[in-house]
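Asker: Structure in structure tokens, see below.
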Amino acid sequence: MTYFCKPLLLLALLLTASGGPVSAGNPAAETNPIRIGVLAYRGKAPTLTRWSATAAYLSGQIGRRFEIVPVNLNEMTDAINSGDIQFTLTNPGNYVSLEARFGASRIATMQTREQGKTRVRFGAVIITRADNTAILSLKDLKGKSFMAVSPVAFGGFQMAWRELIENGIDPFSDFSDVQFAGFPQDKIIHAVQNGTVDAATVRAETLMRMVEAGTVKLNAFRILNPQYEKDSALPLSTRLYPEWPFATLKNTPRDLATRVAQALLSMPADHPAAQVSRTAGWTVPLDYSPVHRLMKTLKIGPYKVLRQTSFSAILKRYAGWFSAAAVLLLFLIIVNGYISRTNHKLKHTQSVLRNEITERRRSQEALARYRDTLEEQVAKRTEDLKQTNSSLEKSRIALRELVRITSAPDLSHEEKLARLLDTGRDYFALPVAVLASIEVGGRRICRISGDTGLVPGHDGPLSDTCVARLIERNGEPLDIPDLDHTSEDCCGCQQQGWKSYLGAAVMVDGRIHCTLEFAGIHTRHQVFSTWDHELLKVMAQWIGDEVELQIAHEARQRHQAEFARVSRMNTIGEMAASLAHELNQPLTGAINYCSGCLRMLREGNANTDTLTRGMENAVEGATLAANIIRRIREFVQKGDAQQSAVDLNHAVRNVATLVMHEARRHEVELKLVLDKDLPLIEGDMIQLEQVVLNFIRNGIDAMDAVKSENRVLTITTQYNNGENVMVSATDNGEGITEDAMPKIFDAFYTTKPDGMGIGLSISRSIIESHQGKIRARSLAGGGTEFFFEIPIQQVSSS
């Protein structure tokens with residue numbers, strides 16, 4: 001639960017924090033720079049080069065000046081003691097020590113990019129030459145030479161140290177030679193390649209970087225103690241550990257730490273500061289308990305005290321007393337041995353003869369029994385091996401199918417769940433599988449695979465009693481091969497005619513969310529094997545991952561829809577005066593026509609044709625006003641995104657109607673250049689109208705400084721060579737500066753004095769959710785063009 005609670009508490013704190021600069025409780029403190037101590041493991045100059053852009057980014061976001069202070073381990077301790085730094089950026093091992101000694105607290109974890117994917121954990125490799133047949137595993141390293149970065153390098157030695165210790169290798173006593181070469185790590189890999197040392201350890205990405213650069217070949221090395229982690233595609237010899245944390249110190253003001261965390265978490269992965277620092281931005285702080293376990297195993301850092309309570313430490317401290325006791329004990333043993341030897345010499349001679357006779361008799365009997373049962377044991381062992389191999393092969397095929405299903409990009413959430421259930425039902429050869437929610441007040445069947453006639457009338461799990469047992473077993477499978485002869489109370493199952501039961505709990509966010517159950521109409525002779533149970537747990541875990549991803553996806557969609565609706569409400573509020581004028585004209589006309597008709601009726605001048613024309617004009621004006629109100633209500637209505645066939649020309653015309661008076665009030669000529677052959681696309685009409693409205697209003701505002709006779713805003717739709725559908729808005733305003741252009745789609749960035757900076761950011765989210773691209777460019781003759789494109793694969797003929 002620690003892993004989930006801490007990020008959630010931090011996110012709650014960030015959401016409630018204000019977005020402005022740190023308040024100046026002390027005017028003098030505002031002028032002092034905020035100093036970040038960064039572990040300079042490659043030297044101070046490279047450290048300044050790498051992280052100064054991040055300090056500049058924080059200065060711009062927070063409103064205070066940030067400085068990078070490159071330090072080594074001892075200098076970092078001195079800087080914390082003297083209060084010279086307020087934040088630290090260091091490796092996970094050093095952070096754990098600072099957490100224990102000085103109360104440091106992580107507020108963000110560094111992200112890096114690995115083969116196009118964002119990574120928050122890293123590991124190390126232990127390598128030897130591929131042609132070195134004398135070293136095939138870690139245990140073969142005894143008596144060999146070894147090279148690493150430094151004894152205090154977390155990724156460059158301590159990760160591998162833990163794996164060596166757990167495999168019975170002490171690097172400081174079992175190796176013939178241990179060399180610490182420092183940085184860069186490339187020379188360590190070359191040392192193995194050249195045969196200077198027998199084996200070495202480096203960070204995993206260092207090896208892959210050299211492979212990708214063509215400096216070395218991966219097949220020239222053997223990866224010892226290979227590990228397979230789903231979070232990494234790199235070759236590994238160690239567990240994965242969380243990346244470098246950005247930490248605040250105990251005396252740093254809480255609101256300053258909150259704003260720094262907010263700024264770091266808001267940094268885009270492609271931000272220039274992230275590119276300079278060779279990161280992919282920052283994420284919520286991870287759980288660093290794996291680092292604690294490593295240090296506890298090695299008895300280093302905050303766990304160094306464990307060495308003082310070990311047997312070897314006690315032996316060293318009281319060596320004199322132990323030596324005296326040993327001498328005394330040895331003397332007593334010699335005396336006792338002499339006496340015993342004299343007394344038992346004869347008895348020993350007699351007993352040896354008796355024992356030889358007895359042992360020979362026993363050996364003859366054992367040999368006879370072994371001869372009689374040897375063939376039976378061989379046959380049984382052969383059958384066991386066949387069954388084991390069959391189970392392993394069956395599990396391998398099932399796992400391959402599960403991997404194919406969960407990694408298929410073209411399958412929806414529901415399709416993946418259905419295929420996972422079908423695969424499990426086929427694997428266990430059971431006729432029905434049920435995935436059921438067990439939420440309080442909402443127990444229901446989410447998905448059924450197989451014979452639905454076996455679960456008539458069910459609206460929840462197959463057996464509430466079995467579900468209770470699954471909860472008690474903390475998610476371990478419940479396997480009942482014969483329901484007729486079991487001590488379990490599974491009356492619900494037996495009433496349906498089921499004869500066997502198999503179930504597992506599906507965990508989501510650290511708790512049981514639903515159950516995965518299978519039922520059979522025939523009894524089984526025995527429970528499923530351990531391999532089968534492990535596969536069931538893997539299947540339940542993958543279903544839990546799918547459900548958790550779906551929950552997160554739905555939450556993001558709801559958040560984006562609500563955020564977009566707030567933006568639309570804000571836009572309509574800003575256009576209130578123009579919309580009121582737009583409504584006033586047809587309503588005033590309708591009132592005038594009705595008043596004229598009433599006057600003619602009172603005066604007795606009831607000309608039917610004149611009255612009819614007057615009432616028709618009044619109805620026409622009222623209908624126009626009603627249509628405007630209807631379009632406003634549809635534009636700001638609250639609801640989930642509705643995917644349907646959308647005519648972008650129709651969407652542009654709707655928005656043009658809403659903003660026509662706004663354009664006239666700003667003396668802007670609104671030109672529509674619409675492609676009559678534009679196909680329909682699959683999307684959300686309201687969201688796409690919101691993007692067009694943002695384009696138009698930005699264009700109108702951009703031309704305030706231009707002479708009124710030159711204010712022209714052109715809206716264009718275009719079908720581009722069968723590849724995509726494009727909508728653009730071109731103004732002839734002053735254009736966008738080169739400095740502002742890369743940031744115009746960032747959240748809360750605006751060049752308007754009264755702007756919120758969310759319109760274009762929401763527009764980008766909407767277009768990207770339609771698998772499209774949104775861009776802006778300054779025109780050579782002045783002005784700006786905003787446009788978005790939706791690829792042709794989104795176009796629907798419906």
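Identifiers for the structure tokens are assigned positionally: chains receive A, B, ... in sequence, residues are indexed from 1 per chain, and ligands are indexed from 1 in the order shown.
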Where in region 670-776 of chain A does DSSP assign helix (DSSP H, G or I), given as JSON, numbers by chain?
Answerer: {"A": [685, 686, 687, 688, 689, 690, 691, 692, 693, 694, 695, 696, 697, 698, 699, 700, 701, 702, 708, 709, 710, 741, 742, 743, 759, 760, 761, 762, 763, 764, 765, 766, 767, 768, 769]}
Asker: Can you pull out every residue within 12 Å of Ile471 (chain A), counting only C-alpha atoms, but drop anything in the same chain fewer than 2 positions away, and send it as a list in words?
Answerer: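 So, after excluding close chain neighbours, the residues are Ile438, Asp464, Thr465, Cys466, Val467, Ala468, Arg469, Arg473, Asn474, Gly475, Glu476, Pro477, Leu478, Gly503, Ala504, Ala505, Val506, Met507, Arg511, Ile512, His513, Cys514 and Thr515 of chain A.
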Asker: Using N, CA and C atoms, can you write the selected residues to a file as a PDB file, in the first residue's frame?
Answerer:
ATOM      1  N   ILE A 438     -17.060  -7.843  -7.306  1.00  0.00           N
ATOM      2  CA  ILE A 438     -17.498  -8.088  -5.924  1.00  0.00           C
ATOM      3  C   ILE A 438     -17.561  -6.784  -5.155  1.00  0.00           C
ATOM      4  N   ASP A 464     -20.661 -16.990  -3.213  1.00  0.00           N
ATOM      5  CA  ASP A 464     -20.202 -15.986  -2.255  1.00  0.00           C
ATOM      6  C   ASP A 464     -19.287 -16.607  -1.201  1.00  0.00           C
ATOM      7  N   THR A 465     -19.547 -17.865  -0.863  1.00  0.00           N
ATOM      8  CA  THR A 465     -18.699 -18.544   0.124  1.00  0.00           C
ATOM      9  C   THR A 465     -17.280 -18.725  -0.416  1.00  0.00           C
ATOM     10  N   CYS A 466     -17.196 -19.120  -1.677  1.00  0.00           N
ATOM     11  CA  CYS A 466     -15.876 -19.290  -2.285  1.00  0.00           C
ATOM     12  C   CYS A 466     -15.154 -17.956  -2.410  1.00  0.00           C
ATOM     13  N   VAL A 467     -15.900 -16.895  -2.681  1.00  0.00           N
ATOM     14  CA  VAL A 467     -15.293 -15.561  -2.762  1.00  0.00           C
ATOM     15  C   VAL A 467     -14.707 -15.181  -1.400  1.00  0.00           C
ATOM     16  N   ALA A 468     -15.457 -15.481  -0.320  1.00  0.00           N
ATOM     17  CA  ALA A 468     -14.958 -15.184   1.024  1.00  0.00           C
ATOM     18  C   ALA A 468     -13.666 -15.961   1.298  1.00  0.00           C
ATOM     19  N   ARG A 469     -13.616 -17.209   0.851  1.00  0.00           N
ATOM     20  CA  ARG A 469     -12.396 -18.000   1.031  1.00  0.00           C
ATOM     21  C   ARG A 469     -11.224 -17.411   0.229  1.00  0.00           C
ATOM     22  N   ARG A 473      -7.635 -16.130   1.635  1.00  0.00           N
ATOM     23  CA  ARG A 473      -6.376 -16.709   1.125  1.00  0.00           C
ATOM     24  C   ARG A 473      -5.473 -15.653   0.490  1.00  0.00           C
ATOM     25  N   ASN A 474      -5.873 -14.386   0.598  1.00  0.00           N
ATOM     26  CA  ASN A 474      -5.052 -13.278   0.112  1.00  0.00           C
ATOM     27  C   ASN A 474      -4.727 -13.431  -1.371  1.00  0.00           C
ATOM     28  N   GLY A 475      -5.723 -13.858  -2.130  1.00  0.00           N
ATOM     29  CA  GLY A 475      -5.562 -13.930  -3.577  1.00  0.00           C
ATOM     30  C   GLY A 475      -5.033 -15.243  -4.107  1.00  0.00           C
ATOM     31  N   GLU A 476      -4.639 -16.194  -3.244  1.00  0.00           N
ATOM     32  CA  GLU A 476      -4.175 -17.495  -3.722  1.00  0.00           C
ATOM     33  C   GLU A 476      -5.353 -18.276  -4.320  1.00  0.00           C
ATOM     34  N   PRO A 477      -5.113 -19.072  -5.381  1.00  0.00           N
ATOM     35  CA  PRO A 477      -6.227 -19.797  -6.024  1.00  0.00           C
ATOM     36  C   PRO A 477      -6.931 -20.751  -5.064  1.00  0.00           C
ATOM     37  N   LEU A 478      -8.223 -20.927  -5.283  1.00  0.00           N
ATOM     38  CA  LEU A 478      -9.030 -21.897  -4.546  1.00  0.00           C
ATOM     39  C   LEU A 478      -9.412 -22.996  -5.532  1.00  0.00           C
ATOM     40  N   GLY A 503     -11.001 -20.989  -8.717  1.00  0.00           N
ATOM     41  CA  GLY A 503     -11.168 -19.537  -8.676  1.00  0.00           C
ATOM     42  C   GLY A 503      -9.899 -18.826  -8.228  1.00  0.00           C
ATOM     43  N   ALA A 504      -9.800 -17.570  -8.619  1.00  0.00           N
ATOM     44  CA  ALA A 504      -8.678 -16.717  -8.205  1.00  0.00           C
ATOM     45  C   ALA A 504      -9.180 -15.295  -8.091  1.00  0.00           C
ATOM     46  N   ALA A 505      -8.538 -14.524  -7.227  1.00  0.00           N
ATOM     47  CA  ALA A 505      -8.915 -13.125  -7.030  1.00  0.00           C
ATOM     48  C   ALA A 505      -8.151 -12.242  -8.018  1.00  0.00           C
ATOM     49  N   VAL A 506      -8.845 -11.251  -8.561  1.00  0.00           N
ATOM     50  CA  VAL A 506      -8.243 -10.267  -9.464  1.00  0.00           C
ATOM     51  C   VAL A 506      -7.989  -8.993  -8.671  1.00  0.00           C
ATOM     52  N   MET A 507      -6.711  -8.639  -8.519  1.00  0.00           N
ATOM     53  CA  MET A 507      -6.329  -7.484  -7.718  1.00  0.00           C
ATOM     54  C   MET A 507      -6.231  -6.241  -8.597  1.00  0.00           C
ATOM     55  N   ARG A 511      -6.155  -4.146  -4.045  1.00  0.00           N
ATOM     56  CA  ARG A 511      -7.268  -4.791  -3.347  1.00  0.00           C
ATOM     57  C   ARG A 511      -8.010  -5.691  -4.346  1.00  0.00           C
ATOM     58  N   ILE A 512      -8.828  -6.594  -3.801  1.00  0.00           N
ATOM     59  CA  ILE A 512      -9.568  -7.519  -4.648  1.00  0.00           C
ATOM     60  C   ILE A 512     -10.730  -6.767  -5.307  1.00  0.00           C
ATOM     61  N   HIS A 513     -10.708  -6.711  -6.625  1.00  0.00           N
ATOM     62  CA  HIS A 513     -11.715  -5.970  -7.379  1.00  0.00           C
ATOM     63  C   HIS A 513     -12.798  -6.900  -7.930  1.00  0.00           C
ATOM     64  N   CYS A 514     -12.390  -8.052  -8.388  1.00  0.00           N
ATOM     65  CA  CYS A 514     -13.352  -9.005  -8.939  1.00  0.00           C
ATOM     66  C   CYS A 514     -12.756 -10.406  -8.841  1.00  0.00           C
ATOM     67  N   THR A 515     -13.543 -11.398  -9.237  1.00  0.00           N
ATOM     68  CA  THR A 515     -13.109 -12.790  -9.152  1.00  0.00           C
ATOM     69  C   THR A 515     -13.115 -13.418 -10.536  1.00  0.00           C
TER      70      THR A 515
END
Asker: So, with only C-alpha atoms as the atoms that count, which of A:Leu598, A:Leu549, A:Leu760, A:Leu89 lies closest to Thr109 (chain A)?
Answerer: A:Leu89
Asker: Record the distance separating CA of Ile107 (chain A) and CA of Tyr288 (chain A), expressed in Å with one decimal.
Answerer: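 Atom-to-atom, CA of Ile107 (chain A) and CA of Tyr288 (chain A) are spaced 12.1 Å apart.
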Asker: Find the distance between CA of His522 (chain A) and CA of Trp498 (chain A) and write it in Å to one decimal.
Answerer: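 Taking CA of His522 (chain A) and CA of Trp498 (chain A), their separation equals 7.2 Å.
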